[in-house]
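Here the structure comes first, spelled out in structure tokens, and everything after it is commentary.
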Amino acid sequence: MPDTNLRVLLRARPEGKVGPEHFEVREEALPSPRPGEVLLRNRYLSLDPYMRGRMSAAKSYAAPVGIGEVMVGQTVAEVVEDPTGTFRPGDVVLGGAGWQRFCCVPAGGLRKLDPDLAPLTTALGVLGMPGTTAWVGVTEMSRPKPGETYVVTAASGAVGGVAGQIARRMGARVVGIAGGPEKCAFVTEELGFDACVDHKAPDFPDLLARACPDGIDGYFENVGGAVQKAAWPLMNEFARLAFCGSIAEYQEAEPPPGPNLGAITRKKMSLRGFIVGDHPRAFAEWRRTGARWVKDGSLKYREDVVRGLEKAPEAFMGLLAGRNFGKLVIDLG
């Protein structure tokens with residue numbers, strides 16, 4: 001066991017784009033569990049777009065990270081010591097342990113993982129919060145029907161890639177939107193989408209319109225910004241939209257004006273924002289369903305693994321700029 005713990009703290013709140021100056025990487029004393037707590041050695045850390053909102057003091061669905069506090073994040077961890085007797089040393093668990101190598105957290109907030117079920121990193125991606133977000137957004141919020149056109153933004157990402165595959169299983173014709181030819185090829189050739197449009201192309205709005213000749217019946221929103229602006233005029237009557245994020249606008253000090261939301265009334269659309277944490281039963285439901293699909297090879301996914309906790313700030317900035325390819329995970333070694 002080392003004598004110190006490496007942690008990444010929030011040094012300052014960003015106004016606009018996140019930079020290295022907003023983080024502090026610090027060596028601190030190894031923590032000791034208090035009553036009811038478990039000492040963990042974190043093995044994998046999930047980096048996700050929602051963390052940008054937690055760096056801000058603006059009112060949101062979750063409390064912001066305090067200045068000088070460790071950055072929030074879900075981890076796969078190994079139990080080092082558990083005075084409560086809930087777990088044994090060496091057990092692998094999932095919990096919200098943050099950007100640090102070691103931590104002490106309440107035993108009640110941890111879930112034991114079965115390493116034989118699927119690779120451990122999938123608990124942070126395809127079988128974890130991102131996969132569950134896709135499951136809820138597709139099956140509960142936007143409900144694609146056979147023969148309909150269903151469009152997924154950030155289609156090569158951890159949420160969008162799963163969302164499109166679920167929609168295809170439900171019989172829809174699925175069109176992805178991704179950034180660059182490599183990602184678009186992955187979406188069609190590996191994930192099995194019917195088409196994918198490059199939002200970096202200069203004629204992107206026209207390309208999207210040609211890919212959706214019958215309009216858009218279902219839409220899974222991860223991006224916002226110019227992508228959403230191009231998709232909005234293509235929405236059909238009674239289109240169903242699931243909004244779970246708008247990463248293109250997270251770094252804007254003053255977000256640009258959005259589309260004319262009056263179209264929601266005119267076209268009788270339903271638009272519903274959602275937070276996956278409000279659907280706790282969906283996590284177990286998705287783990288059961290998704291694990292079967294991962295095991296039989298019918299559910300494809302990609303992970304972008306970066307080694308070293310000290311590289312987490314740079315990797316997170318890359319995530320916000322769209323430089324990652326697949327679910328972004330930090331391997332803490």
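The way I read the labels, and the way they are meant: chains A, B, ... in the order of the structure tokens, residue 1 as the first residue of every chain, and ligand 1 as the first ligand shown, with later ones counted on from there.
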
Close residues, Gly218 of chain A itself excluded, 8 Å, only C-alpha atoms, min 2 positions apart in chain, as a PDB file with all heavy atoms, in the first residue's frame:
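Just written: result-v3.pdb:
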ATOM      1  N   SER A 142     -38.781   8.138 -26.249  1.00  0.00           N
ATOM      2  CA  SER A 142     -39.010   8.398 -27.669  1.00  0.00           C
ATOM      3  C   SER A 142     -39.656   7.234 -28.419  1.00  0.00           C
ATOM      4  O   SER A 142     -40.142   7.420 -29.529  1.00  0.00           O
ATOM      5  CB  SER A 142     -37.699   8.794 -28.352  1.00  0.00           C
ATOM      6  OG  SER A 142     -36.660   7.896 -28.015  1.00  0.00           O
ATOM      7  N   ARG A 143     -39.638   6.040 -27.895  1.00  0.00           N
ATOM      8  CA  ARG A 143     -40.439   4.889 -28.323  1.00  0.00           C
ATOM      9  C   ARG A 143     -40.515   4.705 -29.845  1.00  0.00           C
ATOM     10  O   ARG A 143     -41.586   4.845 -30.434  1.00  0.00           O
ATOM     11  CB  ARG A 143     -41.850   5.006 -27.745  1.00  0.00           C
ATOM     12  CG  ARG A 143     -41.893   5.225 -26.243  1.00  0.00           C
ATOM     13  CD  ARG A 143     -43.306   5.390 -25.737  1.00  0.00           C
ATOM     14  NE  ARG A 143     -44.056   6.395 -26.437  1.00  0.00           N
ATOM     15  CZ  ARG A 143     -43.932   7.704 -26.244  1.00  0.00           C
ATOM     16  NH1 ARG A 143     -43.093   8.167 -25.352  1.00  0.00           N
ATOM     17  NH2 ARG A 143     -44.657   8.548 -26.951  1.00  0.00           N
ATOM     18  N   PRO A 144     -39.416   4.374 -30.505  1.00  0.00           N
ATOM     19  CA  PRO A 144     -39.460   4.182 -31.962  1.00  0.00           C
ATOM     20  C   PRO A 144     -40.341   3.011 -32.369  1.00  0.00           C
ATOM     21  O   PRO A 144     -40.440   2.016 -31.646  1.00  0.00           O
ATOM     22  CB  PRO A 144     -37.989   3.901 -32.317  1.00  0.00           C
ATOM     23  CG  PRO A 144     -37.371   3.417 -31.058  1.00  0.00           C
ATOM     24  CD  PRO A 144     -38.078   4.135 -29.949  1.00  0.00           C
ATOM     25  N   GLU A 148     -40.210   3.609 -38.789  1.00  0.00           N
ATOM     26  CA  GLU A 148     -39.984   5.033 -38.567  1.00  0.00           C
ATOM     27  C   GLU A 148     -38.507   5.380 -38.741  1.00  0.00           C
ATOM     28  O   GLU A 148     -37.629   4.527 -38.681  1.00  0.00           O
ATOM     29  CB  GLU A 148     -40.438   5.431 -37.164  1.00  0.00           C
ATOM     30  CG  GLU A 148     -41.938   5.411 -36.956  1.00  0.00           C
ATOM     31  CD  GLU A 148     -42.336   5.963 -35.603  1.00  0.00           C
ATOM     32  OE1 GLU A 148     -41.540   5.865 -34.641  1.00  0.00           O
ATOM     33  OE2 GLU A 148     -43.456   6.490 -35.504  1.00  0.00           O
ATOM     34  N   THR A 149     -38.245   6.679 -38.935  1.00  0.00           N
ATOM     35  CA  THR A 149     -36.873   7.180 -38.995  1.00  0.00           C
ATOM     36  C   THR A 149     -36.497   7.724 -37.625  1.00  0.00           C
ATOM     37  O   THR A 149     -37.178   8.610 -37.091  1.00  0.00           O
ATOM     38  CB  THR A 149     -36.728   8.292 -40.046  1.00  0.00           C
ATOM     39  OG1 THR A 149     -37.000   7.748 -41.346  1.00  0.00           O
ATOM     40  CG2 THR A 149     -35.316   8.864 -40.040  1.00  0.00           C
ATOM     41  N   TYR A 150     -35.420   7.190 -37.091  1.00  0.00           N
ATOM     42  CA  TYR A 150     -34.965   7.559 -35.743  1.00  0.00           C
ATOM     43  C   TYR A 150     -33.540   8.089 -35.862  1.00  0.00           C
ATOM     44  O   TYR A 150     -32.654   7.412 -36.391  1.00  0.00           O
ATOM     45  CB  TYR A 150     -34.996   6.334 -34.831  1.00  0.00           C
ATOM     46  CG  TYR A 150     -34.819   6.645 -33.365  1.00  0.00           C
ATOM     47  CD1 TYR A 150     -35.923   6.954 -32.573  1.00  0.00           C
ATOM     48  CD2 TYR A 150     -33.566   6.625 -32.764  1.00  0.00           C
ATOM     49  CE1 TYR A 150     -35.769   7.233 -31.222  1.00  0.00           C
ATOM     50  CE2 TYR A 150     -33.413   6.904 -31.423  1.00  0.00           C
ATOM     51  CZ  TYR A 150     -34.513   7.205 -30.657  1.00  0.00           C
ATOM     52  OH  TYR A 150     -34.362   7.491 -29.310  1.00  0.00           O
ATOM     53  N   VAL A 151     -33.311   9.309 -35.390  1.00  0.00           N
ATOM     54  CA  VAL A 151     -32.013   9.968 -35.513  1.00  0.00           C
ATOM     55  C   VAL A 151     -31.347  10.054 -34.147  1.00  0.00           C
ATOM     56  O   VAL A 151     -31.981  10.431 -33.148  1.00  0.00           O
ATOM     57  CB  VAL A 151     -32.165  11.367 -36.135  1.00  0.00           C
ATOM     58  CG1 VAL A 151     -30.843  12.138 -36.087  1.00  0.00           C
ATOM     59  CG2 VAL A 151     -32.632  11.247 -37.585  1.00  0.00           C
ATOM     60  N   ILE A 216     -38.123  13.022 -39.685  1.00  0.00           N
ATOM     61  CA  ILE A 216     -37.649  12.391 -38.451  1.00  0.00           C
ATOM     62  C   ILE A 216     -38.837  12.136 -37.528  1.00  0.00           C
ATOM     63  O   ILE A 216     -39.601  13.048 -37.211  1.00  0.00           O
ATOM     64  CB  ILE A 216     -36.618  13.284 -37.731  1.00  0.00           C
ATOM     65  CG1 ILE A 216     -35.381  13.485 -38.621  1.00  0.00           C
ATOM     66  CG2 ILE A 216     -36.219  12.684 -36.391  1.00  0.00           C
ATOM     67  CD1 ILE A 216     -34.389  14.481 -38.066  1.00  0.00           C
ATOM     68  N   PHE A 220     -32.889  11.338 -30.614  1.00  0.00           N
ATOM     69  CA  PHE A 220     -32.177  11.228 -29.338  1.00  0.00           C
ATOM     70  C   PHE A 220     -31.109  12.308 -29.314  1.00  0.00           C
ATOM     71  O   PHE A 220     -30.164  12.289 -30.089  1.00  0.00           O
ATOM     72  CB  PHE A 220     -31.536   9.848 -29.207  1.00  0.00           C
ATOM     73  CG  PHE A 220     -31.185   9.488 -27.792  1.00  0.00           C
ATOM     74  CD1 PHE A 220     -31.936   8.551 -27.100  1.00  0.00           C
ATOM     75  CD2 PHE A 220     -30.115  10.077 -27.143  1.00  0.00           C
ATOM     76  CE1 PHE A 220     -31.625   8.214 -25.786  1.00  0.00           C
ATOM     77  CE2 PHE A 220     -29.798   9.754 -25.839  1.00  0.00           C
ATOM     78  CZ  PHE A 220     -30.555   8.812 -25.152  1.00  0.00           C
ATOM     79  N   ALA A 239     -43.592  13.805 -33.777  1.00  0.00           N
ATOM     80  CA  ALA A 239     -42.241  13.320 -33.510  1.00  0.00           C
ATOM     81  C   ALA A 239     -42.017  13.261 -32.006  1.00  0.00           C
ATOM     82  O   ALA A 239     -42.593  14.036 -31.232  1.00  0.00           O
ATOM     83  CB  ALA A 239     -41.210  14.246 -34.156  1.00  0.00           C
ATOM     84  N   ARG A 240     -41.185  12.320 -31.589  1.00  0.00           N
ATOM     85  CA  ARG A 240     -40.914  12.111 -30.156  1.00  0.00           C
ATOM     86  C   ARG A 240     -39.414  12.308 -29.920  1.00  0.00           C
ATOM     87  O   ARG A 240     -38.592  11.643 -30.548  1.00  0.00           O
ATOM     88  CB  ARG A 240     -41.365  10.710 -29.740  1.00  0.00           C
ATOM     89  CG  ARG A 240     -42.851  10.490 -30.000  1.00  0.00           C
ATOM     90  CD  ARG A 240     -43.254   9.039 -29.846  1.00  0.00           C
ATOM     91  NE  ARG A 240     -42.500   8.139 -30.690  1.00  0.00           N
ATOM     92  CZ  ARG A 240     -42.724   7.943 -32.000  1.00  0.00           C
ATOM     93  NH1 ARG A 240     -43.690   8.625 -32.607  1.00  0.00           N
ATOM     94  NH2 ARG A 240     -41.996   7.088 -32.689  1.00  0.00           N
ATOM     95  N   LEU A 241     -39.097  13.220 -29.017  1.00  0.00           N
ATOM     96  CA  LEU A 241     -37.717  13.622 -28.796  1.00  0.00           C
ATOM     97  C   LEU A 241     -37.300  13.307 -27.361  1.00  0.00           C
ATOM     98  O   LEU A 241     -38.022  13.625 -26.413  1.00  0.00           O
ATOM     99  CB  LEU A 241     -37.539  15.117 -29.059  1.00  0.00           C
ATOM    100  CG  LEU A 241     -37.687  15.597 -30.510  1.00  0.00           C
ATOM    101  CD1 LEU A 241     -39.153  15.670 -30.924  1.00  0.00           C
ATOM    102  CD2 LEU A 241     -37.053  16.974 -30.673  1.00  0.00           C
TER     103      LEU A 241
END

Can you tell me which residues surround Leu299 of chain A at a distance of at most 10 Å, considering only C-alpha atoms, apart from same-chain residues fewer than 5 positions away, and format the answer as a ChimeraX atom specification? /A:126,161-162,165-166,190-192,290-294

Find the residue from A:Val152, A:Leu117, A:Ala231, A:Leu10 that sits nearest to Cys244 of chain A; use only C-alpha atoms when measuring. A:Val152

Could you tell me which of A:Leu47, A:Val70, A:Val136, A:Leu124 comes closest to Glu28 of chain A if we count only C-alpha atoms? A:Val70

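Remark: for Asp304 of chain A, the closest of the candidate residues A:Pro2, A:Ser46, A:Lys267, A:Ala155 is A:Ser46 (distances computed over only C-alpha atoms).
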
Atomic distance atom CA of Arg287 of chain A - atom CA of Leu127 of chain A, expressed in Å with one decimal: 5.6 Å

Neighbours of Val79 of chain A within 7 Å (only C-alpha atoms; same-chain residues fewer than 5 positions away dropped), as a list in words?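 In the requested form, the answer reads Leu39, Leu40, Arg41, Arg88, Pro89, Gly90, Asp91 and Val92 of chain A.
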
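When only C-alpha atoms are used to compute distances to Gln228 of chain A, the closest of the residues A:Pro205, A:Pro313, A:Gly85, A:Gly297 turns out to be A:Pro205.
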
To test your reading of the structure, identify every residue in segment 18-250 of chain A that backbone DSSP assigns to strand (DSSP E), and report it as a VMD selection string. chain A and resid 23 to 29 37 to 46 75 to 81 92 to 95 102 to 106 111 to 112 149 to 152 173 to 178 195 to 198 216 to 221 235 to 243

Could you jot down the atom CA of Met55 of chain A to atom CA of Gln74 of chain A separation for me, Å, one decimal place? 15.5 Å

So, with only C-alpha atoms as the atoms that count, which of A:Gly164, A:Gly308, A:Pro130, A:Gly180 lies closest to Asn42 of chain A?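 Ranking A:Gly164, A:Gly308, A:Pro130, A:Gly180 by distance to Asn42 of chain A, first place goes to A:Gly308.
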
Per-residue DSSP, segment 236-314 of chain A, filtered to helix (DSSP H, G or I), as an NGL selection string: :A and (247-249 or 263-266 or 276-278 or 280-295 or 309-314)

Please, could you write that set of residues out with C-alpha atoms as a short mmCIF file (atom, residue, chain, number, x, y, z; two decimals), in the first residue's frame?
data_model
loop_
_atom_site.label_atom_id
_atom_site.label_comp_id
_atom_site.auth_asym_id
_atom_site.auth_seq_id
_atom_site.Cartn_x
_atom_site.Cartn_y
_atom_site.Cartn_z
CA ILE A 247 -22.54 18.97 -25.09
CA ALA A 248 -22.02 21.49 -27.90
CA GLU A 249 -23.33 24.21 -25.58
CA ALA A 263 -42.80 24.12 -33.47
CA ILE A 264 -43.53 21.81 -30.53
CA THR A 265 -47.11 23.09 -30.48
CA ARG A 266 -47.49 23.46 -34.23
CA VAL A 276 -31.47 8.79 -15.76
CA GLY A 277 -31.12 8.92 -11.96
CA ASP A 278 -34.88 9.48 -11.76
CA PRO A 280 -33.60 3.75 -10.56
CA ARG A 281 -35.36 0.53 -11.58
CA ALA A 282 -34.06 0.91 -15.11
CA PHE A 283 -30.46 0.23 -14.06
CA ALA A 284 -31.09 -3.38 -13.06
CA GLU A 285 -33.44 -3.88 -15.99
CA TRP A 286 -30.83 -2.66 -18.44
CA ARG A 287 -28.00 -4.68 -16.84
CA ARG A 288 -30.03 -7.87 -17.32
CA THR A 289 -30.98 -7.06 -20.91
CA GLY A 290 -27.76 -5.42 -22.04
CA ALA A 291 -25.49 -8.08 -20.50
CA ARG A 292 -27.18 -10.77 -22.60
CA TRP A 293 -26.63 -8.73 -25.76
CA VAL A 294 -23.00 -8.00 -24.88
CA LYS A 295 -22.36 -11.66 -24.15
CA LEU A 309 -5.20 9.68 -13.18
CA GLU A 310 -2.95 12.68 -13.78
CA LYS A 311 -4.16 12.67 -17.40
CA ALA A 312 -7.84 12.94 -16.43
CA PRO A 313 -8.07 16.77 -16.82
CA GLU A 314 -6.62 16.68 -20.35
#

Would you kindly return, as a PDB file with N, CA and C atoms, in the first residue's frame, each protein, DNA or RNA residue with an atom no farther than 12 Å from any atom of Lys327 of chain A, considering only C-alpha atoms and excluding same-chain residues fewer than 4 positions away?
ATOM      1  N   LEU A  45     -11.957   4.960 -13.737  1.00  0.00           N
ATOM      2  CA  LEU A  45     -12.764   6.162 -13.521  1.00  0.00           C
ATOM      3  C   LEU A  45     -13.488   6.508 -14.806  1.00  0.00           C
ATOM      4  N   SER A  46     -14.783   6.766 -14.709  1.00  0.00           N
ATOM      5  CA  SER A  46     -15.585   7.183 -15.859  1.00  0.00           C
ATOM      6  C   SER A  46     -15.529   8.698 -16.002  1.00  0.00           C
ATOM      7  N   LEU A  47     -15.276   9.185 -17.222  1.00  0.00           N
ATOM      8  CA  LEU A  47     -15.384  10.610 -17.523  1.00  0.00           C
ATOM      9  C   LEU A  47     -16.605  10.817 -18.413  1.00  0.00           C
ATOM     10  N   ASP A  48     -17.481  11.744 -18.007  1.00  0.00           N
ATOM     11  CA  ASP A  48     -18.760  11.941 -18.685  1.00  0.00           C
ATOM     12  C   ASP A  48     -19.066  13.422 -18.819  1.00  0.00           C
ATOM     13  N   PRO A  49     -19.836  13.813 -19.858  1.00  0.00           N
ATOM     14  CA  PRO A  49     -20.122  15.233 -20.086  1.00  0.00           C
ATOM     15  C   PRO A  49     -20.819  15.931 -18.918  1.00  0.00           C
ATOM     16  N   THR A 121     -14.891  -2.627 -17.151  1.00  0.00           N
ATOM     17  CA  THR A 121     -15.114  -1.271 -17.639  1.00  0.00           C
ATOM     18  C   THR A 121     -16.523  -1.073 -18.184  1.00  0.00           C
ATOM     19  N   THR A 122     -17.200  -2.157 -18.557  1.00  0.00           N
ATOM     20  CA  THR A 122     -18.558  -2.003 -19.085  1.00  0.00           C
ATOM     21  C   THR A 122     -19.522  -1.481 -18.030  1.00  0.00           C
ATOM     22  N   ALA A 123     -19.178  -1.651 -16.743  1.00  0.00           N
ATOM     23  CA  ALA A 123     -20.028  -1.129 -15.670  1.00  0.00           C
ATOM     24  C   ALA A 123     -20.055   0.392 -15.668  1.00  0.00           C
ATOM     25  N   LEU A 124     -19.083   1.020 -16.337  1.00  0.00           N
ATOM     26  CA  LEU A 124     -19.034   2.478 -16.444  1.00  0.00           C
ATOM     27  C   LEU A 124     -19.570   2.970 -17.783  1.00  0.00           C
ATOM     28  N   GLY A 125     -19.832   2.045 -18.701  1.00  0.00           N
ATOM     29  CA  GLY A 125     -20.236   2.443 -20.045  1.00  0.00           C
ATOM     30  C   GLY A 125     -21.460   1.732 -20.532  1.00  0.00           C
ATOM     31  N   VAL A 126     -21.265   0.726 -21.384  1.00  0.00           N
ATOM     32  CA  VAL A 126     -22.385   0.093 -22.068  1.00  0.00           C
ATOM     33  C   VAL A 126     -23.380  -0.541 -21.107  1.00  0.00           C
ATOM     34  N   LEU A 127     -22.931  -1.063 -19.960  1.00  0.00           N
ATOM     35  CA  LEU A 127     -23.846  -1.666 -18.988  1.00  0.00           C
ATOM     36  C   LEU A 127     -24.072  -0.775 -17.769  1.00  0.00           C
ATOM     37  N   GLY A 128     -23.554   0.439 -17.812  1.00  0.00           N
ATOM     38  CA  GLY A 128     -23.680   1.347 -16.681  1.00  0.00           C
ATOM     39  C   GLY A 128     -24.595   2.512 -16.963  1.00  0.00           C
ATOM     40  N   MET A 129     -24.243   3.670 -16.415  1.00  0.00           N
ATOM     41  CA  MET A 129     -25.082   4.858 -16.552  1.00  0.00           C
ATOM     42  C   MET A 129     -25.322   5.261 -18.003  1.00  0.00           C
ATOM     43  N   PRO A 130     -24.284   5.284 -18.875  1.00  0.00           N
ATOM     44  CA  PRO A 130     -24.551   5.657 -20.271  1.00  0.00           C
ATOM     45  C   PRO A 130     -25.506   4.699 -20.968  1.00  0.00           C
ATOM     46  N   GLY A 131     -25.288   3.385 -20.800  1.00  0.00           N
ATOM     47  CA  GLY A 131     -26.181   2.415 -21.428  1.00  0.00           C
ATOM     48  C   GLY A 131     -27.600   2.514 -20.905  1.00  0.00           C
ATOM     49  N   ALA A 154     -24.385  12.284 -31.631  1.00  0.00           N
ATOM     50  CA  ALA A 154     -23.214  11.682 -30.966  1.00  0.00           C
ATOM     51  C   ALA A 154     -23.292  10.163 -31.054  1.00  0.00           C
ATOM     52  N   ALA A 155     -23.531   9.673 -32.261  1.00  0.00           N
ATOM     53  CA  ALA A 155     -23.882   8.271 -32.463  1.00  0.00           C
ATOM     54  C   ALA A 155     -22.739   7.309 -32.208  1.00  0.00           C
ATOM     55  N   SER A 156     -21.494   7.779 -32.211  1.00  0.00           N
ATOM     56  CA  SER A 156     -20.370   6.892 -31.926  1.00  0.00           C
ATOM     57  C   SER A 156     -20.016   6.874 -30.449  1.00  0.00           C
ATOM     58  N   GLY A 157     -20.731   7.665 -29.646  1.00  0.00           N
ATOM     59  CA  GLY A 157     -20.422   7.792 -28.237  1.00  0.00           C
ATOM     60  C   GLY A 157     -21.057   6.721 -27.374  1.00  0.00           C
ATOM     61  N   ALA A 158     -20.787   6.830 -26.075  1.00  0.00           N
ATOM     62  CA  ALA A 158     -21.220   5.802 -25.131  1.00  0.00           C
ATOM     63  C   ALA A 158     -22.733   5.695 -25.037  1.00  0.00           C
ATOM     64  N   VAL A 159     -23.437   6.812 -25.097  1.00  0.00           N
ATOM     65  CA  VAL A 159     -24.898   6.792 -25.021  1.00  0.00           C
ATOM     66  C   VAL A 159     -25.507   6.590 -26.405  1.00  0.00           C
ATOM     67  N   GLY A 160     -25.095   7.405 -27.358  1.00  0.00           N
ATOM     68  CA  GLY A 160     -25.697   7.359 -28.690  1.00  0.00           C
ATOM     69  C   GLY A 160     -25.526   6.032 -29.390  1.00  0.00           C
ATOM     70  N   GLY A 161     -24.355   5.410 -29.233  1.00  0.00           N
ATOM     71  CA  GLY A 161     -24.128   4.130 -29.891  1.00  0.00           C
ATOM     72  C   GLY A 161     -25.075   3.049 -29.423  1.00  0.00           C
ATOM     73  N   VAL A 162     -25.361   3.034 -28.122  1.00  0.00           N
ATOM     74  CA  VAL A 162     -26.303   2.054 -27.573  1.00  0.00           C
ATOM     75  C   VAL A 162     -27.730   2.416 -27.963  1.00  0.00           C
ATOM     76  N   LYS A 300     -22.780  -3.941 -29.735  1.00  0.00           N
ATOM     77  CA  LYS A 300     -21.408  -3.505 -29.940  1.00  0.00           C
ATOM     78  C   LYS A 300     -21.133  -2.239 -29.132  1.00  0.00           C
ATOM     79  N   TYR A 301     -19.881  -2.072 -28.740  1.00  0.00           N
ATOM     80  CA  TYR A 301     -19.504  -0.862 -28.020  1.00  0.00           C
ATOM     81  C   TYR A 301     -18.014  -0.628 -28.211  1.00  0.00           C
ATOM     82  N   ARG A 302     -17.591   0.590 -27.922  1.00  0.00           N
ATOM     83  CA  ARG A 302     -16.175   0.953 -28.038  1.00  0.00           C
ATOM     84  C   ARG A 302     -15.788   1.769 -26.816  1.00  0.00           C
ATOM     85  N   GLU A 303     -14.583   1.526 -26.308  1.00  0.00           N
ATOM     86  CA  GLU A 303     -14.076   2.265 -25.157  1.00  0.00           C
ATOM     87  C   GLU A 303     -12.783   2.981 -25.532  1.00  0.00           C
ATOM     88  N   ASP A 304     -12.628   4.183 -25.005  1.00  0.00           N
ATOM     89  CA  ASP A 304     -11.426   4.991 -25.188  1.00  0.00           C
ATOM     90  C   ASP A 304     -10.751   5.069 -23.817  1.00  0.00           C
ATOM     91  N   VAL A 305      -9.716   4.261 -23.606  1.00  0.00           N
ATOM     92  CA  VAL A 305      -9.095   4.125 -22.289  1.00  0.00           C
ATOM     93  C   VAL A 305      -7.797   4.926 -22.245  1.00  0.00           C
ATOM     94  N   VAL A 306      -7.693   5.812 -21.253  1.00  0.00           N
ATOM     95  CA  VAL A 306      -6.501   6.630 -21.035  1.00  0.00           C
ATOM     96  C   VAL A 306      -5.876   6.195 -19.720  1.00  0.00           C
ATOM     97  N   ALA A 315      -7.857  14.603 -20.617  1.00  0.00           N
ATOM     98  CA  ALA A 315      -8.815  13.722 -21.285  1.00  0.00           C
ATOM     99  C   ALA A 315     -10.221  14.299 -21.226  1.00  0.00           C
ATOM    100  N   PHE A 316     -10.565  14.920 -20.104  1.00  0.00           N
ATOM    101  CA  PHE A 316     -11.899  15.510 -19.959  1.00  0.00           C
ATOM    102  C   PHE A 316     -12.072  16.690 -20.905  1.00  0.00           C
ATOM    103  N   LEU A 319     -12.818  15.292 -24.182  1.00  0.00           N
ATOM    104  CA  LEU A 319     -14.198  14.814 -24.243  1.00  0.00           C
ATOM    105  C   LEU A 319     -15.140  15.940 -24.616  1.00  0.00           C
ATOM    106  N   GLY A 322     -14.958  16.700 -28.195  1.00  0.00           N
ATOM    107  CA  GLY A 322     -15.308  15.628 -29.107  1.00  0.00           C
ATOM    108  C   GLY A 322     -14.126  14.822 -29.618  1.00  0.00           C
ATOM    109  N   ARG A 323     -12.981  14.853 -28.901  1.00  0.00           N
ATOM    110  CA  ARG A 323     -11.801  14.146 -29.382  1.00  0.00           C
ATOM    111  C   ARG A 323     -11.783  12.668 -28.991  1.00  0.00           C
TER     112      ARG A 323
END

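The shell of residues at most 12 Å from Ser60 of chain A, with only C-alpha atoms counted and near chain neighbours (fewer than 6 positions) removed, consists of Tyr50, Met51, Arg52, Gly53, Arg54 and Ile275 of chain A.
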
For those residues, write C-alpha atoms to a file as a PDB file, in the first residue's frame.
ATOM      1  CA  TYR A  50     -22.368  15.864 -17.049  1.00  0.00           C
ATOM      2  CA  MET A  51     -19.239  16.650 -15.025  1.00  0.00           C
ATOM      3  CA  ARG A  52     -18.957  19.999 -16.825  1.00  0.00           C
ATOM      4  CA  GLY A  53     -22.222  21.075 -15.208  1.00  0.00           C
ATOM      5  CA  ARG A  54     -20.981  20.009 -11.779  1.00  0.00           C
ATOM      6  CA  ILE A 275     -32.188  12.501 -15.898  1.00  0.00           C
TER       7      ILE A 275
END

Selection near Cys103 of chain A, 10 Å with only C-alpha atoms, sequence-local residues under 2 positions removed, as an NGL selection string: :A and (5 or 7 or 30-33 or 37-42 or 77 or 80 or 96-101 or 105)

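With only C-alpha atoms as the atoms that count, the minimum distance from Gly171 of chain A to the choices A:Lys183, A:Lys200, A:His22, A:Lys145 is reached by A:Lys145.
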
When you look at Cys196 of chain A with a cut-off of 7 Å (counting only C-alpha atoms), what residues show up, excluding the ones that are within fewer than 6 positions of it in the same chain? I need them as a PyMOL selection string. chain A and resi 175-178+184+187-188

As an exercise, work out the distance from atom CA of Phe23 of chain A to atom CA of Pro106 of chain A in Å and give it to one decimal place.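 Calculated distance between atom CA of Phe23 of chain A and atom CA of Pro106 of chain A is 25.7 Å.
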